[in-house]
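A short write-up of the structure that comes next.
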Amino acid sequence: MRLSHPPIHADHNFRKAVNRPSLLGGLAAVLLAVLLAVSVAACGDNPDKAHPDAGDRVVARVEKHEIWASDVRREAVAQGLIGDAEPLDVTSELFRRVLDEVIDQTLLAREAERRGLANSAAAQRRLEAVRQRILGDMLVESAVDKAVSDEAVQRLYAEQQRRAKRSEEVRLRLILSQSRAEADAVLALLGQGASFEAVAAQRSVDQASRALGGDLGYATPDLLPPVYAAAITEKPAGSVIGPVEASGRWAILRVEDRRAETPPTLEQARPVIVRYLTYEGVRQLLEQLRGKANIEFEIDPPRSAPQTPPPASTAVAAAPSPVASSSAASTKSPTGSA
């Protein structure tokens, strides 16, 4: 099982909320608020009806319409003010500010209903679109909750650990020069006993590593510039190599250490695995639904796009391992050395 980058919808709780402006930030946001509020206004008209979210509470009422703490938190998430899993204290200033916005949304929705705007064909189409999005999200969240369990995360992590091929990591130091003559001068200084770290700090033109005495950290050979990887092949720790030309500049390298690649821990790999499992759960669900549905297109496909998409199994097989991707992302890459 391999996957490159999950689509923008994939995440631990599936959908990251849209980072949209506040209620007064623009007419589009106000109109969307009206449509959303009209679509759910009737749900809070019965004060005796229990809210489905455990531990929730009513924080305000606009006439008979109840506003719950979860409504305010959901609005804060939608505005990007807090994360999906982040709590929102009802006594905080942020909560009160967002609550005021939700109250404004409710007032606008009530006025829109009074003026008969909710009965127009345009409003009905947009309300139906909002309804479908909410129901789709709820279905996806339900499917994701089943697919992304701690047990599933651990199982995939263990499977990837069994399949992973461990390579060697090399820790290098670098002194980069603009010309061969400068590199030869550096090599002469090192031959006279000068400290590699001191010369790197004084003479290297690689800004990313010179302050660290030329230290590039640990990296697997595939993350190094190919000429560096070839030059250090089978060179033991302590070896000084160069000058080596790379992209018109000249490098002196020293092998500091060699060690077996350290695999990512379960906690390091968890975010990548969760995104992968989320995407897989959604992909399989959509694959099943599309297989059952009768879908007819009334427009021609884009000219630049292929007539039929490649099989999903091919895309998944060609992508890197989720655990391997986590390991590569956590490895220090000598980006400034090429």
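Going by the structure tokens order, chains are called A, B, ..., each with residues numbered from 1, while ligands are numbered from 1 in the order shown.
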Selection near Val148 of chain A, 7 Å with only C-alpha atoms, sequence-local residues under 3 positions removed, as number ranges by chain: A: 144-145, 152-153, 274, 277-278
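Within segment 66-234 of chain A, DSSP applied to the backbone places the following residues in strand (DSSP E): Glu66, Ile67, Trp68, Glu168, Glu169, Val170, Arg171, Leu172, Arg173, Leu174, Ile175, Leu176, Ser177, Asp215, Leu216, Gly217, Tyr218 and Ala219 of chain A.
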All residues 9 Å or closer to Thr262 of chain A, only C-alpha atoms, same chain fewer than 4 positions away omitted, as an MDAnalysis selection string: chainID A and resid 166:169 327
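Interatomic distance, atom CA of Val140 of chain A to atom CA of Ala123 of chain A: 25.6 Å.
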Atom pair atom CA of Ser177 of chain A / atom CA of Leu216 of chain A: separation (Å): 15.7 Å
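In this model, the gap between atom CA of Trp68 of chain A and atom CA of Arg126 of chain A comes to 24.1 Å.
Using only C-alpha atoms, the residues found no farther than 12 Å from Asp100 of chain A, other than those of its own chain fewer than 3 positions away, are Ser22, Leu23, Leu24, Val59, Ala60, Arg61, Val62, Ile67, Asp71, Val72, Glu75, Ala76, Glu93, Leu94, Phe95, Arg96, Arg97, Ile103, Asp104, Gln105, Thr106 and Leu107 of chain A.
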Could you save those same residues with N, CA and C atoms as an mmCIF file, in the first residue's frame?
data_model
loop_
_atom_site.group_PDB
_atom_site.id
_atom_site.type_symbol
_atom_site.label_atom_id
_atom_site.label_comp_id
_atom_site.auth_asym_id
_atom_site.auth_seq_id
_atom_site.Cartn_x
_atom_site.Cartn_y
_atom_site.Cartn_z
ATOM 1 N N SER A 22 -14.677 36.631 8.484
ATOM 2 C CA SER A 22 -15.745 36.722 9.463
ATOM 3 C C SER A 22 -17.012 37.245 8.800
ATOM 4 N N LEU A 23 -18.078 37.282 9.581
ATOM 5 C CA LEU A 23 -19.385 37.641 9.034
ATOM 6 C C LEU A 23 -19.383 38.981 8.337
ATOM 7 N N LEU A 24 -18.687 39.955 8.923
ATOM 8 C CA LEU A 24 -18.690 41.302 8.356
ATOM 9 C C LEU A 24 -17.574 41.503 7.352
ATOM 10 N N VAL A 59 -26.054 28.290 24.782
ATOM 11 C CA VAL A 59 -25.306 29.468 25.236
ATOM 12 C C VAL A 59 -26.041 30.766 24.931
ATOM 13 N N ALA A 60 -27.085 30.701 24.106
ATOM 14 C CA ALA A 60 -27.865 31.897 23.805
ATOM 15 C C ALA A 60 -29.160 31.480 23.110
ATOM 16 N N ARG A 61 -30.131 32.385 23.133
ATOM 17 C CA ARG A 61 -31.381 32.157 22.407
ATOM 18 C C ARG A 61 -31.733 33.427 21.648
ATOM 19 N N VAL A 62 -32.138 33.263 20.416
ATOM 20 C CA VAL A 62 -32.642 34.370 19.611
ATOM 21 C C VAL A 62 -34.104 34.053 19.345
ATOM 22 N N ILE A 67 -28.981 28.571 20.394
ATOM 23 C CA ILE A 67 -27.607 28.509 19.888
ATOM 24 C C ILE A 67 -26.794 27.701 20.893
ATOM 25 N N ASP A 71 -22.328 24.952 18.098
ATOM 26 C CA ASP A 71 -22.540 25.818 16.938
ATOM 27 C C ASP A 71 -21.467 26.899 16.867
ATOM 28 N N VAL A 72 -21.133 27.455 18.024
ATOM 29 C CA VAL A 72 -20.119 28.504 18.074
ATOM 30 C C VAL A 72 -18.746 27.930 17.744
ATOM 31 N N GLU A 75 -18.380 27.285 14.064
ATOM 32 C CA GLU A 75 -18.141 28.525 13.322
ATOM 33 C C GLU A 75 -16.692 28.974 13.464
ATOM 34 N N ALA A 76 -16.129 28.819 14.677
ATOM 35 C CA ALA A 76 -14.730 29.190 14.896
ATOM 36 C C ALA A 76 -13.794 28.315 14.067
ATOM 37 N N GLU A 93 -12.802 35.256 25.415
ATOM 38 C CA GLU A 93 -13.183 36.397 24.586
ATOM 39 C C GLU A 93 -13.466 35.960 23.154
ATOM 40 N N LEU A 94 -12.675 34.981 22.654
ATOM 41 C CA LEU A 94 -12.879 34.477 21.295
ATOM 42 C C LEU A 94 -14.259 33.841 21.160
ATOM 43 N N PHE A 95 -14.649 33.049 22.162
ATOM 44 C CA PHE A 95 -15.966 32.407 22.101
ATOM 45 C C PHE A 95 -17.060 33.465 22.007
ATOM 46 N N ARG A 96 -16.965 34.513 22.856
ATOM 47 C CA ARG A 96 -18.008 35.534 22.861
ATOM 48 C C ARG A 96 -18.059 36.280 21.529
ATOM 49 N N ARG A 97 -16.886 36.518 20.933
ATOM 50 C CA ARG A 97 -16.862 37.229 19.654
ATOM 51 C C ARG A 97 -17.520 36.394 18.557
ATOM 52 N N ILE A 103 -25.043 34.877 16.384
ATOM 53 C CA ILE A 103 -26.298 35.589 16.634
ATOM 54 C C ILE A 103 -26.671 36.460 15.436
ATOM 55 N N ASP A 104 -25.675 37.169 14.886
ATOM 56 C CA ASP A 104 -25.939 37.989 13.699
ATOM 57 C C ASP A 104 -26.413 37.123 12.535
ATOM 58 N N GLN A 105 -25.800 35.944 12.363
ATOM 59 C CA GLN A 105 -26.223 35.034 11.300
ATOM 60 C C GLN A 105 -27.688 34.646 11.489
ATOM 61 N N THR A 106 -28.055 34.336 12.728
ATOM 62 C CA THR A 106 -29.420 33.924 13.018
ATOM 63 C C THR A 106 -30.405 35.055 12.740
ATOM 64 N N LEU A 107 -30.051 36.268 13.140
ATOM 65 C CA LEU A 107 -30.917 37.414 12.881
ATOM 66 C C LEU A 107 -31.111 37.647 11.384
#
Counting only C-alpha atoms, the residue of A:Arg290, A:Arg270, A:Arg275, A:Lys235 that sits nearest Tyr157 of chain A: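 That would be A:Arg270, the residue with the smallest distance to Tyr157 of chain A.
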Those in segment 64-100 of chain A with alpha helix (DSSP H) from DSSP, as number ranges by chain: A: 69-78, 93-100
